[in-house]
Structure formats: structure tokens, C-alpha cells
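Trainee: Just passing along the structure, written as C-alpha cells.
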Amino acid sequence: MLTLRHLHKHFDAPNRHQAGHTVLDDLSLDIHAGEIFTLLGPSGCGKTTLLRLVAGLDRPDRGYMAFRGEPWVDTERGILVPPQHRGIGLVFQSYAVWPHLSVFDNVAYPLRNQKLAAADIRRRVHKTLRSVGLDGLAERATHQLSGGQQQRVAMARALVGEPGLLLLDEPFSNLDVGLRHKLRLELKDLQRELGLTVVLVTHDQEDAFALSDRIALLEAGRVAQIGTAEQLHDQPRSAYVYDFIGKSSALHAVAQAAVPGGLPRAAVADASVALSPDGEHFAPGSELVLRVRPQDVRLSAQGEGLWGEVSHTIFAGSRYETHVRLADGQQLMAYQPRDAYWKAGQRIHIDILAAPYASAAATPSAQRP
């Protein structure tokens, strides 16, 4: 439905004594009709710039973009469709709700720009307000609304023109945790009801996991990996993806010589840990970083192999997060059930249930804590 090919965007430095910055570097991806597709990543990875290119607010230096087969951007042929002709809805992080206008007038604004008949405007505005849960608030001044209601006004204004594509730039970042959860569910229900295609920009994994059909994790202007939340979490293609998605502990280790017929192993603290036979193979003596998910760690009072001392335990509602200090001072986190509370100072055996994700310690992403 939305096709992006070889997009490149470079911002020049403010003066000649500084270097410019490439924000998007030969980026390509496809977004399917009727899905919520999330651009996820840290600040500076290019996700908001990409959304602005799709919206037509910025133009790429090079590349091609088409929606439903119609070219929006083709730098080789000189095609650039302006934003008002792309049929999109856009919700900014700040909502951009006009405080001097009523709810009705905020939502009606894009329709009045199209010079639609007053009766048609009134019908479509009230229909859209009902769909976002603002029925009965049409004449309310927007400065009298809560943050969640203002977010709904911004959503209604984006939807009233019946866009083919809805773009959301960090739409929940200004809301408290409880309201974020509620509005995520409302957005998902609304998307299904209206059959919307949505592109969401966020740095928040919970937003991405709760809403997305597919996620593109961006790294320095490129796509690091595309997939479902489960695929990115359980089948990361790089150390960068593993580090960004979910929680993990990074343990420095040294590759050991393989035993004939046995699994590859690595020395961690005062013990040896098995690695995946399907992972990358490392020469004995190579310095590694092993990444371990906290749900893959089991703690017990006895056993052979890796031991440590409980440094502290955090209550996390349905579970405990137990932090363990290994013999060499490294820290490991483990999720434990409510019936398995370990006190600080207890000596504890550590069983790693799934093979850690191993990478060479020399790679930049492997140096991250």
C-alpha cells in the first residue's frame, strides 16, 4: 500500500565548520493496507524524519515513495505531491489543538478549508466525535479539556477528512501511564472499526507492542529489523535489536574451546555457560558479551555451575525482579514468581534456561550496558 524505496535525507550543518548529519540512509520498506505499522527507535534514529517525509512536510534528497500505486515522491522524475493532496491524517506529539476554538471548530477546520457545505461539515464532525468518544462535547472550549480529551480532539481532526493513511507522532508521550493504556485500547478498536492504515512513531516499546501489527526498528537511519513484536523480541538479528527490545543483562565472557560433540561454551565469572549451537562461532579466548533475558533465569538454593549473591529484590506486581551479583562483580537480573523472594546477601545458584545471545565484545553495540 505504501512503498518506500532508497530514501535518503541529509541535514547540513548550521555553519561550514561543522559536519552535516545523514538522518536516513538508503531506507526501504513496505507498509500494508489495514495494519498499524510502527517506526520504533531511540532519539536521532530517523523515525520522525521518515514520518515527515511520508506526510510531505519534508522532502528527501533521493528516493521514491508511492501510495496505492500512485507516486508521491520520485526524485529522479521530479515528482513531489504536496501534503494537502496526499489524503493523510496527522497527529503530532503536542496535539496542536487550538485553545481559542471549540472542539467542533477544531475538528471542522480541515473541512472548512476544503469549502464543504455547512450541513456536510456538521454531519461529519459529529460522526467523528462520536467515534472518538467526544459526543456531547462539541461546544466545549478545548482549554477546558483533559489531556486525554485533547488527544481525542487531535485524533478526530485527523480522521474527519477520512484519510487513507493516519500518521501518529508519539501520540501518547504527554499522558500518564493509566491514560496511555486506555487510549491504546481505544486506538486499536478505532483502527479495526474504520479499517485504517496507521503509521505510528514511538520510542516506547509498550506502545509498539500493544498496538503494532508489525514494527520497524530503526538504527542510524536504516532498518535494523522488521517483524512482529514477538519476532523482534525472540528472534533478534543483531545485538542492537536484542539490546533495544525487551530487557536483558549483558555479561562479559570469554569463549572456551569446544568439546567434541558438545555445545559451544563461554566462561562467565567463575563458571562455564552453554551457548547456542546455531549462533555465531567464536575462537577460544575471544572476548564476548552474553545477553540474557530475565525470564530465562532460574534461581535456586543449590546446584552446580554459576553462583552469585543477591544484591537487591524489587517488587513488580505479579513478580519480583531479583538482581544478583556474580563472583566477578557483574550484575544479572532474574524475574521470579511471587512465591520466590530472595533476600539481599543470600548466596544463590543461577541456572540460565535458554542459550544467551552471544556477540563479540569489540562491536559497538555490545559495549552498551
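In the C-alpha cells, chains take letters A, B, ... by order of appearance, with residues numbered from 1 within each chain and ligands from 1 in the order shown.
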May I have the residues within 12 Å of A:Glu193 as a PyMOL selection string, using only C-alpha atoms and disregarding those fewer than 4 positions away in the same chain?
Mentor: chain A and resi 34+131-132+186-189+197
Trainee: Take the residues just selected and output them with C-alpha atoms as a compact mmCIF listing (two decimals), in the first residue's frame.
Mentor:
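Heads up, here's the output in again.txt:
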```
# COMPACT_ATOMS: atom_id res chain seq x y z
CA GLY A 34 -5.13 -2.02 7.19
CA SER A 131 -16.21 7.61 17.04
CA VAL A 132 -13.50 9.01 19.36
CA GLU A 186 -9.32 2.86 22.09
CA LEU A 187 -6.99 3.50 19.14
CA LYS A 188 -6.72 -0.22 18.37
CA ASP A 189 -10.52 -0.59 18.45
CA THR A 197 -3.82 2.06 7.87
```
Trainee: What's around A:Ser212 at 12 Å? Count only C-alpha atoms, leave out sequence neighbours fewer than 4 positions away in its own chain, and write the answer as an MDAnalysis selection string.
Mentor: chainID A and resid 31 34:40 184:185 187:188 191 197:202 204:208 216 226:230
Trainee: Compare A:Leu218, A:Ala360, A:Val54, A:Ala258 by their minimum atom-to-atom distance to A:Leu288, counting only C-alpha atoms, and give me the closest one.
Mentor: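 Smallest separation from A:Leu288 among the options: A:Ala360.
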Trainee: Considering only C-alpha atoms, return as a compact mmCIF listing (two decimals) with C-alpha atoms, in the first residue's frame whatever protein or nucleic-acid residues lie within 10 Å of stretch 5-12 of chain A, sequence-local ones (same chain, fewer than 2 positions apart) excluded.
Mentor:
```txt
# COMPACT_ATOMS: atom_id res chain seq x y z
CA THR A 3 6.05 1.80 -0.74
CA PRO A 14 24.46 25.30 10.61
CA ASN A 15 27.93 26.55 9.66
CA ARG A 16 30.82 25.40 7.49
CA GLN A 18 30.63 21.64 11.48
CA ALA A 19 29.81 18.39 9.75
CA GLY A 20 26.31 17.67 8.47
CA HIS A 21 24.23 14.71 9.55
CA THR A 22 22.69 11.92 7.50
CA VAL A 23 19.33 11.06 9.09
CA LEU A 24 18.01 8.49 6.59
CA ASP A 25 20.45 6.31 4.71
CA ASP A 26 19.04 4.32 1.77
CA LEU A 27 15.93 3.27 3.69
CA SER A 28 13.34 1.00 2.06
CA LEU A 29 10.19 -0.67 3.45
CA ASP A 30 6.59 -1.60 2.62
CA GLY A 46 15.36 8.94 11.87
CA THR A 49 12.09 12.49 9.86
CA LEU A 50 10.70 9.50 7.95
CA LEU A 53 8.70 12.68 4.55
CA ASP A 58 9.92 17.50 4.32
CA ARG A 59 11.35 16.22 1.06
CA PRO A 60 14.02 13.53 0.68
CA ASP A 61 17.30 14.19 -1.06
CA ARG A 62 16.86 10.95 -3.00
CA GLY A 63 14.30 8.19 -3.20
CA TYR A 64 10.87 7.01 -4.25
CA MET A 65 7.55 6.86 -2.40
CA ALA A 66 4.17 5.62 -3.65
CA VAL A 73 7.85 11.23 -4.43
CA ASP A 74 10.23 10.33 -7.22
CA THR A 75 13.38 12.41 -7.10
CA GLY A 221 18.71 5.97 9.57
CA ARG A 222 18.45 2.34 8.46
```
Trainee: Name all residues at most 12 Å from A:Pro284 (count only C-alpha atoms; drop same-chain ones fewer than 4 positions away) and give them as a PyMOL selection string.
Mentor: chain A and resi 253-259+264-267+288+360
Trainee: Could you take the residues named above and write them with all heavy atoms, as a CSV table (one decimal), in the first residue's frame?
Mentor:
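To be explicit, this is the file written out as selection_22.csv:
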```
chain,number,residue,atom,x,y,z
A,253,ALA,N,32.2,-12.2,28.9
A,253,ALA,CA,32.6,-13.6,29.0
A,253,ALA,C,33.8,-13.8,28.0
A,253,ALA,O,34.2,-13.0,27.2
A,253,ALA,CB,31.4,-14.5,28.6
A,254,VAL,N,34.3,-15.0,28.1
A,254,VAL,CA,35.4,-15.5,27.2
A,254,VAL,C,35.1,-16.8,26.6
A,254,VAL,O,34.7,-17.7,27.3
A,254,VAL,CB,36.7,-15.6,28.0
A,254,VAL,CG1,37.9,-16.1,27.1
A,254,VAL,CG2,37.1,-14.2,28.6
A,255,ALA,N,35.2,-16.9,25.2
A,255,ALA,CA,34.8,-18.1,24.5
A,255,ALA,C,35.8,-19.2,24.9
A,255,ALA,O,37.0,-19.0,25.1
A,255,ALA,CB,34.9,-17.9,23.0
A,256,GLN,N,35.3,-20.4,25.1
A,256,GLN,CA,36.0,-21.6,25.5
A,256,GLN,C,36.2,-22.5,24.3
A,256,GLN,O,35.4,-22.5,23.4
A,256,GLN,CB,35.4,-22.3,26.7
A,256,GLN,CG,35.4,-21.5,28.0
A,256,GLN,CD,34.7,-22.2,29.1
A,256,GLN,OE1,33.6,-22.7,28.9
A,256,GLN,NE2,35.3,-22.2,30.3
A,257,ALA,N,37.2,-23.4,24.4
A,257,ALA,CA,37.4,-24.4,23.4
A,257,ALA,C,36.2,-25.4,23.4
A,257,ALA,O,35.7,-25.8,24.4
A,257,ALA,CB,38.7,-25.2,23.6
A,258,ALA,N,35.7,-25.7,22.2
A,258,ALA,CA,34.6,-26.6,22.1
A,258,ALA,C,35.0,-28.0,22.4
A,258,ALA,O,36.0,-28.5,22.1
A,258,ALA,CB,34.0,-26.6,20.7
A,259,VAL,N,34.1,-28.7,23.2
A,259,VAL,CA,34.2,-30.1,23.5
A,259,VAL,C,33.6,-30.9,22.3
A,259,VAL,O,32.5,-30.6,21.9
A,259,VAL,CB,33.6,-30.5,24.8
A,259,VAL,CG1,33.7,-32.0,25.1
A,259,VAL,CG2,34.2,-29.7,25.9
A,264,PRO,N,28.9,-25.3,22.2
A,264,PRO,CA,29.9,-24.2,22.5
A,264,PRO,C,29.7,-23.6,23.8
A,264,PRO,O,28.5,-23.5,24.3
A,264,PRO,CB,29.7,-23.2,21.3
A,264,PRO,CG,28.3,-23.5,20.9
A,264,PRO,CD,28.0,-24.9,21.1
A,265,ARG,N,30.7,-23.1,24.5
A,265,ARG,CA,30.6,-22.6,25.8
A,265,ARG,C,31.4,-21.4,26.0
A,265,ARG,O,32.3,-21.1,25.2
A,265,ARG,CB,31.0,-23.7,26.9
A,265,ARG,CG,30.3,-25.0,26.7
A,265,ARG,CD,30.6,-25.9,27.9
A,265,ARG,NE,29.9,-25.5,29.2
A,265,ARG,CZ,28.7,-25.7,29.5
A,265,ARG,NH1,27.9,-26.5,28.7
A,265,ARG,NH2,28.2,-25.3,30.7
A,266,ALA,N,31.1,-20.6,27.1
A,266,ALA,CA,31.9,-19.4,27.4
A,266,ALA,C,32.1,-19.4,28.9
A,266,ALA,O,31.2,-19.8,29.7
A,266,ALA,CB,31.2,-18.2,26.9
A,267,ALA,N,33.2,-18.8,29.3
A,267,ALA,CA,33.5,-18.6,30.7
A,267,ALA,C,32.9,-17.3,31.2
A,267,ALA,O,33.2,-16.3,30.6
A,267,ALA,CB,35.0,-18.7,31.0
A,288,LEU,N,33.6,-11.9,24.7
A,288,LEU,CA,32.2,-11.9,24.2
A,288,LEU,C,31.4,-11.0,25.2
A,288,LEU,O,31.8,-10.7,26.3
A,288,LEU,CB,31.7,-13.3,24.2
A,288,LEU,CG,32.5,-14.4,23.5
A,288,LEU,CD1,31.7,-15.7,23.6
A,288,LEU,CD2,32.7,-14.0,22.0
A,360,ALA,N,30.6,-10.6,19.7
A,360,ALA,CA,32.0,-10.2,20.0
A,360,ALA,C,31.9,-8.9,20.8
A,360,ALA,O,31.2,-8.0,20.5
A,360,ALA,CB,32.8,-10.0,18.7
```
Trainee: Ranking A:Leu167, A:Val268, A:Ala119, A:Leu145 by minimum distance to A:Ala55 and counting only C-alpha atoms, which one comes first?
Mentor: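 Between A:Leu167, A:Val268, A:Ala119, A:Leu145, the residue approaching A:Ala55 most closely is A:Leu167.
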Trainee: In stretch 41-186 of chain A, what's strand (DSSP E) per DSSP? Answer as a list of chain:residue names?
Mentor: A:Arg62, A:Gly63, A:Tyr64, A:Met65, A:Ala66, A:Phe67, A:Glu70, A:Pro71, A:Trp72, A:Val73, A:Asp74, A:Ile79, A:Leu80, A:Ile88, A:Gly89, A:Leu90, A:Val91, A:Leu165, A:Leu166, A:Leu167, A:Leu168, A:Asp169
Trainee: Residues at most 10 Å from A:Tyr109, counting only C-alpha atoms, excluding those fewer than 6 positions away in the same chain, as an MDAnalysis selection string?
Mentor: chainID A and resid 101 115 121 125 157 160
Trainee: Could you pull out the residues in stretch 61-238 of chain A that DSSP calls alpha helix (DSSP H) from the backbone, as a ChimeraX atom specification?
Mentor: /A:103-113,118-131,147-159,177-194,205-211,229-234
Trainee: So, with only C-alpha atoms as the atoms that count, which of A:Arg152, A:Ser300, A:Ile314, A:Ser359 lies closest to A:Ala250?
Mentor: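 Of all the options, A:Ser359 lies closest to A:Ala250.
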Trainee: With only C-alpha atoms as the basis for distance, which of A:His85, A:Lys47, A:Arg130, A:Arg298 is at the shortest distance from A:Gln114?
Mentor: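 The closest residue to A:Gln114 is A:His85.
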Trainee: Excluding A:Gln231 and any residue of its chain fewer than 4 positions from it, enumerate the residues within 12 Å of it, using only C-alpha atoms, and give them as a ChimeraX atom specification.
Mentor: /A:209,213-217,225-227,235-237,241-242,245-246
Trainee: Between A:Leu90, A:Cys45, A:Ala361, A:Val292, single out the one closest to A:Leu332, counting only C-alpha atoms.
Mentor: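 Of A:Leu90, A:Cys45, A:Ala361, A:Val292, the one nearest A:Leu332 is A:Val292, counting only C-alpha atoms.
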Trainee: Counting only C-alpha atoms, which residue out of A:Phe104, A:Phe67, A:Tyr335, A:Tyr357 sits closest to A:Gly136?
Mentor: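 Looking only at the distances to A:Gly136, the closest residue turns out to be A:Phe104.
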Trainee: Determine, counting only C-alpha atoms, which protein, DNA and RNA residues have an atom within 12 Å of an atom of A:Leu179; residues of the same chain fewer than 3 positions away are not included. Present the result as a PyMOL selection string.
Mentor: chain A and resi 146-149+151-152+171-176+182-186
